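Down below is the structure, laid out as C-alpha cells.
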Amino acid sequence: MILPPPPPPLPGAALFLDFDGTLAPIQADPDAVVLPEGGAETLRALAAKLGGALAVLSGRDIRDLSQRIPDDLWRAGGHGLEICAPGQTPEKQPNAAPSALMDAMTLLAAGVEGARLEPKGEVLALHYRAAPDSGDVLETAMKKIIAGVDGYILQPGKMVLEAKPAHANKGLTLMRFLERQPFEGLSPVMVGDDATDEDAMAEAIAAGGHGVKIGAGETHAAYGLKSPADVWRWLEAAAQ
Ligand SMILES: [Mg+2]
C-alpha cells in the first residue's frame with residue numbers, strides 16, 4: 001500500500017525524527033552515516049519555526065548520535081535512555097550492559113561469521129547485514145540469552161537484533177518529551193523507518209498526532225515518504 005505524503009509540520013506540531021534510514025540512508029558502515037550537506041541548517045531553521053519542538057530519537061548511543069546531530073538540537077539516544085537538551089553535551093561514559101549479557105552476546109557473535117556486536121552503553125546491538133541468512137539462528141539464540149537477564153528485552157530491527165532495557169523505548173520517550181517544554185500540549189509527529197519507531201508512532205497517534213513511515217513495511221502511520229531524500233524535501237519545504 002502506498003501511503004499519502006504527510007502535511008507539512010506547522011507551528012503547533014512537535015516533530016520527532018529517527019536518524020538512520022530516515023534522515024540518512026542506512027549504510028554497511030554505521031560510522032559513515034552523517035546528515036546530508038545543509039541538513040543541520042535545515043533542522044535548525046525548522047526547529048526555530050516550531051518553537052524548538054524538534055527532537056531526533058535514535059537507537060544510537062547518545063555520544064555517537066551527538067557526533068552526527070548538532071548540539072543545539074534536542075537529541076535522544078539509546079531509544080531514549082539518555083536525552084540531551086539543546087546546548088547539552090552527553091555524559092562522557094555510558095552505563096554498561098550487565099557483564100553476563102555482554103559475555104554471552106560476545107560469544108554468540110564470535111560464533112557466526114559476518115555477525116558483529118556493537119556495544120552501545122546499556123544496549124547491545126548484534127548486526128548481521130554481512131550474514132543475512134543467520135538472522136533466525138541469531139534471534140533464537142538471543143531470545144534464550146535475554147530470558148536470563150532481568151529487565152532486558154529483544155528488539156529486532158533491520159539486519160540487527162538488539163538487547164535493550166525494557167524502558168529504552170521510543171514510545172515512552174516520546175511521551176516523556178510531551179510532558180516537558182517546549183513539547184507540552186503540541187501535536188506529535190513521529191517520522192521513522194523501523195520497528196522501534198512504530199512504538200513512538202502509536203503514542204503520537206494516541207496523543208492526537210500522526211506517524212510518517214519511511215520506505216515500505218507494516219506501519220501504524222497514515223502517511224509515508226519513500227526515502228531519506230524525500231524526507232529532506234519535506235523538511236526543507238517546511239523550514240522555508
Ligand atoms: Mg531508523
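To be explicit about the labels: the chains of the C-alpha cells are called A, B, and onward in the order shown, and within each one the residues are counted from 1, while ligands get numbers from 1 in the order they are shown.
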*Pull the strand (DSSP E or B) assignments for range 44-175 of chain A out of DSSP run on the backbone, and list those residues as a PyMOL selection string.*
chain A and resi 54-57+74-77+82-84+116-120+123-127+152-157+160-165
Residues of range 20-60 of chain A within 10 Å of range 155-163 of chain A: nearest atom pair and distance (Å, one decimal) for each, counting only C-alpha atoms, sorted by chain and number, as CSV?
residue,atom,partner,partner_atom,distance
A:Gly21,CA,A:Lys158,CA,9.7
A:Ile26,CA,A:Lys158,CA,9.5
A:Gly59,CA,A:Glu162,CA,9.4
For those residues, write C-alpha atoms to a file as a PDB file, in the first residue's frame.
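What landed in part.pdb:
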ATOM      1  CA  GLY A  21      17.076   5.241   7.461  1.00  0.00           C
ATOM      2  CA  ILE A  26      21.398   3.135   6.022  1.00  0.00           C
ATOM      3  CA  GLY A  59      18.730   3.845  18.821  1.00  0.00           C
TER       4      GLY A  59
END
*Step one, run DSSP on the backbone; step two, keep only residues of range 124-232 of chain A assigned to alpha helix (DSSP H); then write them as a PyMOL selection string.*
chain A and resi 135-147+170-178+195-206+228-232
How about saving the chosen residues, C-alpha atoms kept, as a short mmCIF file (atom, residue, chain, number, x, y, z; two decimals), in the first residue's frame?
data_model
loop_
_atom_site.label_atom_id
_atom_site.label_comp_id
_atom_site.auth_asym_id
_atom_site.auth_seq_id
_atom_site.Cartn_x
_atom_site.Cartn_y
_atom_site.Cartn_z
CA GLY A 135 19.04 -13.85 11.32
CA ASP A 136 16.76 -16.65 12.54
CA VAL A 137 19.54 -18.61 14.25
CA LEU A 138 20.82 -15.49 15.99
CA GLU A 139 17.34 -14.43 17.05
CA THR A 140 16.61 -17.83 18.62
CA ALA A 141 19.92 -17.78 20.47
CA MET A 142 19.41 -14.22 21.67
CA LYS A 143 15.93 -14.98 22.98
CA LYS A 144 17.44 -17.67 25.20
CA ILE A 145 20.19 -15.35 26.43
CA ILE A 146 17.85 -12.45 27.19
CA ALA A 147 15.35 -14.70 29.00
CA LYS A 170 10.89 5.37 21.67
CA GLY A 171 7.18 5.37 22.56
CA LEU A 172 7.89 6.03 26.25
CA THR A 173 10.48 8.60 25.22
CA LEU A 174 8.03 10.49 23.01
CA MET A 175 5.57 10.61 25.92
CA ARG A 176 8.27 11.98 28.23
CA PHE A 177 9.03 14.74 25.72
CA LEU A 178 5.34 15.66 25.61
CA ALA A 195 10.18 -1.32 14.16
CA THR A 196 11.28 0.82 17.14
CA ASP A 197 9.73 3.91 15.53
CA GLU A 198 6.35 2.19 15.45
CA ASP A 199 6.11 2.38 19.28
CA ALA A 200 6.55 6.14 19.03
CA MET A 201 4.10 6.45 16.12
CA ALA A 202 1.45 4.60 18.15
CA GLU A 203 1.95 7.08 21.02
CA ALA A 204 1.92 10.05 18.65
CA ILE A 205 -1.38 8.90 17.15
CA ALA A 206 -2.86 8.25 20.63
CA PRO A 228 15.53 9.98 3.28
CA ALA A 229 15.83 12.17 0.16
CA ASP A 230 12.04 12.66 0.23
CA VAL A 231 12.21 13.36 3.98
CA TRP A 232 14.66 16.20 3.30
#
Would you write out, as a Markdown table, a table of all residues in chain A that have an atom no more than 7 Å from an atom of ligand 1, listing for each the closest atom pair and the distance in Å to one decimal, considering only C-alpha atoms and all ligand atoms and ordering rows by chain and rising residue number?
| residue | atom | partner | partner_atom_place_in_ligand_line | distance |
| --- | --- | --- | --- | --- |
| A:Asp18 | CA | ligand 1 | 1 (Mg) | 5.5 |
| A:Phe19 | CA | ligand 1 | 1 (Mg) | 5.6 |
| A:Asp20 | CA | ligand 1 | 1 (Mg) | 4.2 |
| A:Gly21 | CA | ligand 1 | 1 (Mg) | 4.4 |
| A:Thr22 | CA | ligand 1 | 1 (Mg) | 5.7 |
| A:Gly192 | CA | ligand 1 | 1 (Mg) | 5.7 |
| A:Asp193 | CA | ligand 1 | 1 (Mg) | 4.9 |
| A:Asp194 | CA | ligand 1 | 1 (Mg) | 5.1 |
*Residue neighbourhood Gln181 in chain A, 10 Å, only C-alpha atoms, exclusion window fewer than 4 positions, as number ranges by chain*: A: 51-53, 177, 185-186
*Using only C-alpha atoms, which residue out of A:Ala115, A:Met190, A:Ala47, A:Val123 lies closest to Pro86 in chain A?*
A:Ala47
*Which distance in Å separates CA of Val56 in chain A and CA of Leu73 in chain A, to one decimal?*
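Straight-line distance from CA of Val56 in chain A to CA of Leu73 in chain A works out to 7.9 Å.
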*Tell me which protein, DNA and RNA residues are within 7 Å of range 88-104 of chain A, counting only C-alpha atoms, leaving out same-chain ones fewer than 3 positions away, and put them as a list in words.*
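Selected residues are Ile62, Arg63, Asp71, Cys84, Ala85, Leu107, Leu108, Gly121, Glu122, Val123, Ile145 and Val149 of chain A.
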*So what do you get for CA of Ala222 in chain A versus CA of Pro7 in chain A, distance-wise?*
10.9 Å
*Of the residues A:Val212, A:Val191, A:Ala239, A:Leu225, which is the one nearest to Lys49 in chain A, using only C-alpha atoms?*
A:Ala239
